[in-house]
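Structure first, commentary second.
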Amino acid sequence: MAEMEILYSGSSKVVYKGEGDDIFIRFKDYITAFYGIKGARIENKAKMNCCISSMVLGYLNDNGVATHFLEQMSDTEQRCRIVKHIPIEVIVRNVIAGSMARRLGLEDGIIPENTIFDLCLRDNELGDPLINDHHAVALGLVTYEELKHIYEVSAKVNALLVDLYARAGIKLVDFKIEFGRAADNTLVLADELTPDTCRLWDIATEERMDKDRFRRDLVVCAKRMRRWHNASLTNLTSNSYA
């Protein structure tokens, strides 16, 4: 990629300004947890995340979910539409785990009767606090009508991805996504979907295949995790999306 203006540089990716309404996203081999307190470099993480996110976002585009993703440019780079991000994180939970389990004093792995949708304000200094619909509207971030659309799209994304990952023997425990406003003011999914932003468990063994391996110091199995993901991607991309 030629030298371009950097719009954003974070721990896991860099966003560059392209031509017109395009941006380029370059993934990194770096990983962080606990708001940057813990960090490390993982070889080939950028390639794995770029490949997984490109495949998943392309799959969503093909199935009627508007995203910012346009194409994968290289092993570590994507071309996407520029959008104005809404500073709200939507967390979709099929299984109770992580912060929700800790917050409510529950064990990881409980399957609720309903799908759970959480909203968090994207603010590292505040620790990305949980907010509700009324907070989001009061802060002027979205309207109630936009929230209704966001929940509908999030539910559709969940249904599509639960099925997609199940074909590869993976349980989609939870994931977080963000939305943005495109040039025509329509709402589109504007985030990566990788093991950094999802909890993915092996269906047969419930072994973790995501960022929790790093959070919980399970890095001794990193090579096996890469093999799982390579095999999973092979299974997913060799099957029809229909």
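The chains in the structure tokens are called A, B, ... from first to last as shown; in each chain the residues are counted from 1, and the ligands are counted from 1 in the order shown.
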
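Within range 51-140 of chain A, DSSP applied to the backbone places the following residues in helix (DSSP H, G or I): Cys51, Ile52, Ser53, Ser54, Met55, Val56, Leu57, Gly58, Tyr59, Leu60, Asn61, Asp62, Gly98, Ser99, Met100, Ala101, Arg102, Arg103, Leu104, Asn124, Glu125, Leu126, Asp133, His134, His135, Ala136, Val137 and Ala138 of chain A.
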
Keeping N, CA and C atoms, export the residues of the selection given above as a PDB file, in the first residue's frame.
```pdb
ATOM      1  N   CYS A  51      -8.466 -12.138   7.123  1.00  0.00           N
ATOM      2  CA  CYS A  51      -9.143 -13.180   6.346  1.00  0.00           C
ATOM      3  C   CYS A  51     -10.510 -13.504   6.922  1.00  0.00           C
ATOM      4  N   ILE A  52     -10.584 -13.683   8.247  1.00  0.00           N
ATOM      5  CA  ILE A  52     -11.861 -14.024   8.887  1.00  0.00           C
ATOM      6  C   ILE A  52     -12.858 -12.886   8.721  1.00  0.00           C
ATOM      7  N   SER A  53     -12.438 -11.653   9.015  1.00  0.00           N
ATOM      8  CA  SER A  53     -13.360 -10.523   8.932  1.00  0.00           C
ATOM      9  C   SER A  53     -13.829 -10.294   7.503  1.00  0.00           C
ATOM     10  N   SER A  54     -12.923 -10.435   6.523  1.00  0.00           N
ATOM     11  CA  SER A  54     -13.309 -10.245   5.127  1.00  0.00           C
ATOM     12  C   SER A  54     -14.336 -11.293   4.705  1.00  0.00           C
ATOM     13  N   MET A  55     -14.098 -12.530   5.089  1.00  0.00           N
ATOM     14  CA  MET A  55     -15.028 -13.601   4.736  1.00  0.00           C
ATOM     15  C   MET A  55     -16.389 -13.375   5.379  1.00  0.00           C
ATOM     16  N   VAL A  56     -16.388 -13.038   6.677  1.00  0.00           N
ATOM     17  CA  VAL A  56     -17.653 -12.875   7.401  1.00  0.00           C
ATOM     18  C   VAL A  56     -18.419 -11.658   6.900  1.00  0.00           C
ATOM     19  N   LEU A  57     -17.742 -10.523   6.719  1.00  0.00           N
ATOM     20  CA  LEU A  57     -18.436  -9.322   6.245  1.00  0.00           C
ATOM     21  C   LEU A  57     -18.929  -9.502   4.811  1.00  0.00           C
ATOM     22  N   GLY A  58     -18.142 -10.180   3.975  1.00  0.00           N
ATOM     23  CA  GLY A  58     -18.610 -10.480   2.623  1.00  0.00           C
ATOM     24  C   GLY A  58     -19.847 -11.356   2.643  1.00  0.00           C
ATOM     25  N   TYR A  59     -19.854 -12.325   3.534  1.00  0.00           N
ATOM     26  CA  TYR A  59     -21.018 -13.205   3.707  1.00  0.00           C
ATOM     27  C   TYR A  59     -22.250 -12.402   4.129  1.00  0.00           C
ATOM     28  N   LEU A  60     -22.061 -11.458   5.051  1.00  0.00           N
ATOM     29  CA  LEU A  60     -23.186 -10.629   5.486  1.00  0.00           C
ATOM     30  C   LEU A  60     -23.684  -9.746   4.341  1.00  0.00           C
ATOM     31  N   ASN A  61     -22.763  -9.137   3.597  1.00  0.00           N
ATOM     32  CA  ASN A  61     -23.163  -8.343   2.428  1.00  0.00           C
ATOM     33  C   ASN A  61     -24.003  -9.171   1.464  1.00  0.00           C
ATOM     34  N   ASP A  62     -23.555 -10.408   1.212  1.00  0.00           N
ATOM     35  CA  ASP A  62     -24.256 -11.284   0.266  1.00  0.00           C
ATOM     36  C   ASP A  62     -25.626 -11.696   0.764  1.00  0.00           C
ATOM     37  N   GLY A  98     -18.060 -13.960  30.196  1.00  0.00           N
ATOM     38  CA  GLY A  98     -17.305 -12.724  30.295  1.00  0.00           C
ATOM     39  C   GLY A  98     -17.859 -11.741  31.299  1.00  0.00           C
ATOM     40  N   SER A  99     -17.932 -10.467  30.894  1.00  0.00           N
ATOM     41  CA  SER A  99     -18.310  -9.397  31.825  1.00  0.00           C
ATOM     42  C   SER A  99     -19.722  -9.563  32.357  1.00  0.00           C
ATOM     43  N   MET A 100     -20.636 -10.087  31.539  1.00  0.00           N
ATOM     44  CA  MET A 100     -22.001 -10.276  32.020  1.00  0.00           C
ATOM     45  C   MET A 100     -22.044 -11.314  33.135  1.00  0.00           C
ATOM     46  N   ALA A 101     -21.305 -12.407  32.969  1.00  0.00           N
ATOM     47  CA  ALA A 101     -21.263 -13.435  34.003  1.00  0.00           C
ATOM     48  C   ALA A 101     -20.675 -12.863  35.294  1.00  0.00           C
ATOM     49  N   ARG A 102     -19.591 -12.106  35.185  1.00  0.00           N
ATOM     50  CA  ARG A 102     -18.976 -11.517  36.378  1.00  0.00           C
ATOM     51  C   ARG A 102     -19.902 -10.504  37.035  1.00  0.00           C
ATOM     52  N   ARG A 103     -20.546  -9.687  36.228  1.00  0.00           N
ATOM     53  CA  ARG A 103     -21.408  -8.627  36.745  1.00  0.00           C
ATOM     54  C   ARG A 103     -22.592  -9.187  37.515  1.00  0.00           C
ATOM     55  N   LEU A 104     -23.119 -10.327  37.061  1.00  0.00           N
ATOM     56  CA  LEU A 104     -24.320 -10.907  37.668  1.00  0.00           C
ATOM     57  C   LEU A 104     -24.012 -12.098  38.566  1.00  0.00           C
ATOM     58  N   ASN A 124     -13.126   4.774  26.234  1.00  0.00           N
ATOM     59  CA  ASN A 124     -12.121   4.045  27.020  1.00  0.00           C
ATOM     60  C   ASN A 124     -11.890   4.654  28.393  1.00  0.00           C
ATOM     61  N   GLU A 125     -11.930   5.975  28.468  1.00  0.00           N
ATOM     62  CA  GLU A 125     -11.678   6.629  29.756  1.00  0.00           C
ATOM     63  C   GLU A 125     -12.742   6.280  30.780  1.00  0.00           C
ATOM     64  N   LEU A 126     -13.972   6.050  30.307  1.00  0.00           N
ATOM     65  CA  LEU A 126     -15.064   5.677  31.209  1.00  0.00           C
ATOM     66  C   LEU A 126     -15.203   4.162  31.341  1.00  0.00           C
ATOM     67  N   ASP A 133     -31.344   2.270  26.036  1.00  0.00           N
ATOM     68  CA  ASP A 133     -31.841   2.988  24.862  1.00  0.00           C
ATOM     69  C   ASP A 133     -32.051   4.472  25.150  1.00  0.00           C
ATOM     70  N   HIS A 134     -32.614   4.761  26.314  1.00  0.00           N
ATOM     71  CA  HIS A 134     -32.935   6.149  26.651  1.00  0.00           C
ATOM     72  C   HIS A 134     -31.661   6.976  26.824  1.00  0.00           C
ATOM     73  N   HIS A 135     -30.613   6.371  27.400  1.00  0.00           N
ATOM     74  CA  HIS A 135     -29.333   7.069  27.494  1.00  0.00           C
ATOM     75  C   HIS A 135     -28.818   7.414  26.100  1.00  0.00           C
ATOM     76  N   ALA A 136     -28.843   6.432  25.204  1.00  0.00           N
ATOM     77  CA  ALA A 136     -28.314   6.630  23.853  1.00  0.00           C
ATOM     78  C   ALA A 136     -29.032   7.770  23.137  1.00  0.00           C
ATOM     79  N   VAL A 137     -30.350   7.841  23.306  1.00  0.00           N
ATOM     80  CA  VAL A 137     -31.127   8.907  22.675  1.00  0.00           C
ATOM     81  C   VAL A 137     -30.861  10.240  23.369  1.00  0.00           C
ATOM     82  N   ALA A 138     -30.801  10.227  24.705  1.00  0.00           N
ATOM     83  CA  ALA A 138     -30.566  11.467  25.455  1.00  0.00           C
ATOM     84  C   ALA A 138     -29.208  12.070  25.123  1.00  0.00           C
TER      85      ALA A 138
END
```

Please return as a PyMOL selection string: the residues of range 33-94 of chain A that backbone DSSP assigns to strand (DSSP E).
-> chain A and resi 33+38-41+69-72+77-81+84-93

Pick out the residues sitting within 10 Å of Ile203 in chain A, and hand them over as number ranges by chain; count only C-alpha atoms, and ignore anything fewer than 4 positions along from it in its own chain.
-> A: 165-166, 168-172, 207-208

From the list A:Ala182, A:Ile42, A:Ile86, A:Ile23, which residue is nearest Ile6 in chain A when using only C-alpha atoms?
-> A:Ile23

Please provide the set of residues having any atom within 7 Å of range 111-115 of chain A, restricted to only C-alpha atoms, with same-chain residues fewer than 2 positions apart removed, written as an MDAnalysis selection string.
-> chainID A and resid 93:96 109 117

Could you jot down the CA of Val188 in chain A to CA of Lys84 in chain A separation for me, Å, one decimal place?
->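 Computing it gives 9.9 Å between the two atoms.
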
Please measure the separation of CA of Leu106 in chain A and CA of Tyr151 in chain A, giving the value in Å to one decimal.
->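 CA of Tyr151 in chain A lies at a distance of 25.0 Å from CA of Leu106 in chain A.
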
Record the distance separating CA of Val14 in chain A and CA of Lys176 in chain A, expressed in Å with one decimal.
->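 CA of Lys176 in chain A lies 19.2 Å from CA of Val14 in chain A.
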